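Encoded as C-alpha cells, the structure appears first; notes follow it.
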Amino acid sequence: SELLARGDVTLNENIKQTVGGIDSNGTGTIALGNGSVLTIDSDTAQTINNVLSGTGSLVVDLNGSTNELIFNNQNQSNNFTGNLTLSNGRFSLDSGHNADFAENTGIVLGSGSIFDLGSGSAQIKDLTVNENASLESSALVIGSGEAPHQITGQLTMNGSTTITLDQISVADDLMLVNYDETAQNQNFITTGGVTGDGAFSLSGSEGYNNLDNLVLDYQQTQDGGAKKVAETVWSVEKSLTKDGNNFQVSALLKEIHLIGNTLLEGIGQGNTLSALVSGSGSDQGLQFSSGNGDATSFTVTSSNTYTGKTTVDDNVTVTLASNSAFGQNSLLDVAGTVVLNNGIGQAVRGLAGSGTITLNDGSVLSLTQVA
C-alpha cells in the first residue's frame, strides 16, 4: 500500500519498511534514521511532495524505465544525506527538485535505471553505476570551457554504460581552426575520485544519432547579438576518455557550410584549415582574421566549394596549399597577404584591397571580373 504522510513520519535506526508508493498528497517530512531502509516497490511514476530527511537509505524500484522518480518539494535542499538506490526507473536532474536532492545524496544506479544528467550545472554528491544502468545528457557544448556534469564526491564504475546525448551544440564564437585537422578533448564529467573498471560510451538520440557526421548550427556575435552564420559538421568520438579523475569528450571539425559572413579567427602562426568549406548565396563569405590582433597565419589545405566573398584582414597571411582553396569566390578582398604555393590554381571573380598576393612557381591566379 502507499504511504500517505500528511504529518511527519520517522523510521528509527536500522528499521526496514516496504511500501507500494508514496502518495503525492503527502506534505510532512519522512525521516530515515541511520541504517534504516525505506523501499518503494511500485509500478507507476512517483512524485514525492514530502521532504525526505535523515541519513538512511531509500530503495526505489519502479518496474519500468519510463516511470520517473521526482522529488518535488522546494524545501528538499540538503535535508537528506543518505543514499538512493534506483532500479527500473528514471531520475532526471532537470525534473522537480531532483538537483537539490542529488547534490547531497549518494545515488546508486541499479539494473534498468536511467539517470538523466540534465542540461548541466547541477552537482552530484556520489554516483555508483552498476551493470545495465544507462545515462543521458543534454549538455554537450563543443568548445565549452567547463564540464557540464560534476560529481563532487566519488564515482564508482561497477559496470560499463552508455550516455545518450539528447542535445549537442557548438559554443558561440568558437575558434573553429582549433578543432580542425586534430580532434580536441574537453572535460565532460569531473569527479572527486574514480574507482572501478567500467567505461562510458556515447550514442546520440534522434537528430544526433550519427556522431560521425553531426550537423550543428554555429553562431557568432554580430551586430550586437548572436547570429547563425554557418552550419558545421563534426565527428564526436563514441566513448569518453579517462583523464585522471575526469572523463573527456573528443570532437573534430569536418565541414563549414557558410550561411552568412563567417569570421575564421586564429592566433599566432601555423593555423590550418583542412575542413571543407561549402555554401552558396550572396550573403555568405569567409573572413580570415586575427583572434588577438597580432600577426596571424593560416594554411588552407582543402579544395573548397563556397561561392561567396573571401576577406583576408590586415596582419593576416593566408597560404593556399590546394587548388580552389578559396572556393569559387565572388570577390577576394585582401588587406593582409595571400600566398599561392607552387603549382596552385585559384580562380576569383573580383579583386579588392591593398594587400599583397604572392604567386609562387607554377601557381595561377585567374581573374574573371564581374561587372
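Residue numbering restarts at 1 for every chain of the C-alpha cells, chains are lettered A, B, ... in their displayed order, and ligands are numbered from 1 as they appear.
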Q: Find the residues near Asp223 (chain A): any atom within 12 Å, counting only C-alpha atoms, skip ones fewer than 4 places away on the same chain, and give them as a list in words.
A: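 The residues satisfying every condition are Lys227, Lys228 and Asn261 of chain A.
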Q: Compile the contact shell of Asn342 (chain A) as a ChimeraX atom specification: residues with an atom at most 8 Å away, counting only C-alpha atoms, same-chain residues fewer than 6 positions apart removed.
A: /A:359-363
Selection near region 8-17 of chain A, 8 Å with only C-alpha atoms, sequence-local residues under 5 positions removed, as a PDB file with C-alpha atoms, in the first residue's frame:
ATOM      1  CA  GLY A  28       5.023  16.104   6.040  1.00  0.00           C
ATOM      2  CA  THR A  29       8.648  15.100   6.478  1.00  0.00           C
ATOM      3  CA  ILE A  30       9.754  11.494   6.074  1.00  0.00           C
ATOM      4  CA  ALA A  31      12.850  10.977   8.214  1.00  0.00           C
ATOM      5  CA  LEU A  32      15.108   7.967   7.669  1.00  0.00           C
ATOM      6  CA  GLY A  33      17.324   7.210  10.628  1.00  0.00           C
ATOM      7  CA  ASN A  34      20.860   5.899  10.300  1.00  0.00           C
ATOM      8  CA  GLY A  35      20.815   2.346   8.909  1.00  0.00           C
ATOM      9  CA  SER A  36      17.099   2.431   8.131  1.00  0.00           C
ATOM     10  CA  VAL A  37      15.808   1.403   4.693  1.00  0.00           C
ATOM     11  CA  LEU A  38      12.599   2.615   3.078  1.00  0.00           C
ATOM     12  CA  THR A  39      11.808   0.565  -0.026  1.00  0.00           C
ATOM     13  CA  GLY A  56      19.245   6.217   5.909  1.00  0.00           C
TER      14      GLY A  56
END
List the neighbours of Ile124 (chain A) out to 12 Å using only C-alpha atoms; skip same-chain residues closer than 6 positions along the sequence, and give me the result as a short mmCIF file (atom, residue, chain, number, x, y, z; two decimals) with N, CA and C atoms, in the first residue's frame.
data_model
loop_
_atom_site.label_atom_id
_atom_site.label_comp_id
_atom_site.auth_asym_id
_atom_site.auth_seq_id
_atom_site.Cartn_x
_atom_site.Cartn_y
_atom_site.Cartn_z
N THR A 81 20.85 13.15 3.42
CA THR A 81 22.26 12.94 3.07
C THR A 81 22.60 11.45 3.02
N ASN A 83 21.49 7.56 1.05
CA ASN A 83 21.68 7.01 -0.28
C ASN A 83 20.35 6.67 -0.95
N SER A 92 15.77 12.33 -13.38
CA SER A 92 16.34 13.43 -14.17
C SER A 92 16.68 14.60 -13.27
N LEU A 93 17.88 15.12 -13.42
CA LEU A 93 18.30 16.28 -12.63
C LEU A 93 17.53 17.54 -13.03
N ASN A 98 14.98 17.53 -8.08
CA ASN A 98 15.92 16.41 -8.09
C ASN A 98 17.37 16.86 -7.98
N ALA A 99 17.68 18.02 -8.56
CA ALA A 99 19.06 18.50 -8.50
C ALA A 99 19.47 18.80 -7.06
N ASP A 100 18.55 19.39 -6.28
CA ASP A 100 18.84 19.65 -4.86
C ASP A 100 19.07 18.34 -4.12
N PHE A 101 18.27 17.34 -4.45
CA PHE A 101 18.38 16.03 -3.81
C PHE A 101 19.72 15.39 -4.13
N ALA A 102 20.11 15.39 -5.41
CA ALA A 102 21.32 14.71 -5.84
C ALA A 102 22.59 15.38 -5.33
N GLU A 103 22.51 16.67 -5.08
CA GLU A 103 23.69 17.40 -4.61
C GLU A 103 24.14 16.94 -3.23
N ASN A 104 23.23 16.33 -2.48
CA ASN A 104 23.52 15.97 -1.10
C ASN A 104 23.39 14.48 -0.82
N THR A 105 23.12 13.70 -1.87
CA THR A 105 22.77 12.28 -1.70
C THR A 105 23.67 11.40 -2.53
N GLY A 106 24.04 10.25 -2.01
CA GLY A 106 24.72 9.25 -2.80
C GLY A 106 23.70 8.49 -3.64
N ILE A 107 23.93 8.41 -4.95
CA ILE A 107 22.98 7.78 -5.85
C ILE A 107 23.60 6.50 -6.42
N VAL A 108 22.85 5.40 -6.30
CA VAL A 108 23.29 4.10 -6.80
C VAL A 108 22.34 3.70 -7.93
N PHE A 115 19.52 7.45 -15.66
CA PHE A 115 19.87 8.65 -14.91
C PHE A 115 20.15 9.76 -15.92
N ASP A 116 19.27 10.76 -15.94
CA ASP A 116 19.42 11.89 -16.85
C ASP A 116 20.24 12.97 -16.15
N LEU A 117 21.46 13.18 -16.64
CA LEU A 117 22.33 14.19 -16.07
C LEU A 117 21.85 15.61 -16.33
N GLY A 118 20.93 15.74 -17.24
CA GLY A 118 20.26 17.02 -17.46
C GLY A 118 21.05 17.96 -18.35
N PRO A 148 30.06 20.11 -18.03
CA PRO A 148 28.66 20.31 -17.67
C PRO A 148 28.21 19.47 -16.48
N HIS A 149 28.92 18.38 -16.22
CA HIS A 149 28.49 17.45 -15.17
C HIS A 149 29.61 17.28 -14.14
N GLN A 150 29.24 17.50 -12.87
CA GLN A 150 30.24 17.49 -11.81
C GLN A 150 29.79 16.55 -10.68
N ILE A 151 30.64 15.60 -10.37
CA ILE A 151 30.44 14.71 -9.23
C ILE A 151 31.45 15.15 -8.18
N THR A 152 30.96 15.76 -7.12
CA THR A 152 31.88 16.34 -6.13
C THR A 152 32.55 15.28 -5.28
N GLY A 153 31.92 14.13 -5.14
CA GLY A 153 32.47 13.03 -4.36
C GLY A 153 33.03 11.95 -5.25
N GLN A 154 32.61 10.72 -4.99
CA GLN A 154 33.18 9.55 -5.65
C GLN A 154 32.29 9.03 -6.77
N LEU A 155 32.91 8.68 -7.90
CA LEU A 155 32.25 7.96 -8.96
C LEU A 155 32.75 6.52 -8.92
N ILE A 189 32.71 15.11 -17.74
CA ILE A 189 32.34 14.76 -16.37
C ILE A 189 33.58 14.94 -15.50
N THR A 190 33.47 15.73 -14.44
CA THR A 190 34.56 15.83 -13.47
C THR A 190 34.11 15.17 -12.17
N THR A 191 35.06 14.58 -11.47
CA THR A 191 34.73 13.86 -10.24
C THR A 191 35.77 14.16 -9.17
N GLY A 192 35.42 13.81 -7.92
CA GLY A 192 36.37 13.90 -6.83
C GLY A 192 37.23 12.67 -6.71
#
Q: Please identify all polymer residues within 7 Å of Ser160 (chain A), counting only C-alpha atoms, omitting same-chain residues fewer than 3 positions from it, and present them as a list in words.
A: Glu131, Met157, Gly198, Ala199 and Phe200 of chain A
For the residues in the current selection, export all heavy atoms as a tab-separated table (two decimals), in the first residue's frame.
chain	number	residue	atom	x	y	z
A	131	GLU	N	25.90	-2.58	-13.57
A	131	GLU	CA	25.58	-3.14	-14.88
A	131	GLU	C	24.11	-2.86	-15.24
A	131	GLU	O	23.24	-2.85	-14.39
A	131	GLU	CB	25.81	-4.65	-14.88
A	131	GLU	CG	27.27	-5.06	-14.77
A	131	GLU	CD	28.05	-4.83	-16.05
A	131	GLU	OE1	27.41	-4.52	-17.08
A	131	GLU	OE2	29.28	-4.96	-16.03
A	157	MET	N	32.48	2.93	-10.79
A	157	MET	CA	32.06	2.33	-12.05
A	157	MET	C	32.14	0.81	-11.92
A	157	MET	O	33.14	0.18	-12.25
A	157	MET	CB	32.96	2.82	-13.19
A	157	MET	CG	32.86	4.31	-13.47
A	157	MET	SD	31.27	4.76	-14.21
A	157	MET	CE	31.37	3.94	-15.79
A	198	GLY	N	34.67	0.18	-15.07
A	198	GLY	CA	33.68	0.48	-16.10
A	198	GLY	C	34.09	1.64	-16.98
A	198	GLY	O	34.98	2.43	-16.64
A	199	ALA	N	33.44	1.76	-18.13
A	199	ALA	CA	33.74	2.82	-19.09
A	199	ALA	C	32.44	3.43	-19.60
A	199	ALA	O	31.37	2.84	-19.50
A	199	ALA	CB	34.56	2.27	-20.25
A	200	PHE	N	32.56	4.63	-20.16
A	200	PHE	CA	31.42	5.34	-20.75
A	200	PHE	C	31.53	5.30	-22.26
A	200	PHE	O	32.55	5.73	-22.84
A	200	PHE	CB	31.38	6.80	-20.31
A	200	PHE	CG	31.02	7.03	-18.87
A	200	PHE	CD1	31.97	7.51	-17.98
A	200	PHE	CD2	29.74	6.78	-18.41
A	200	PHE	CE1	31.64	7.75	-16.65
A	200	PHE	CE2	29.40	7.01	-17.08
A	200	PHE	CZ	30.36	7.49	-16.20
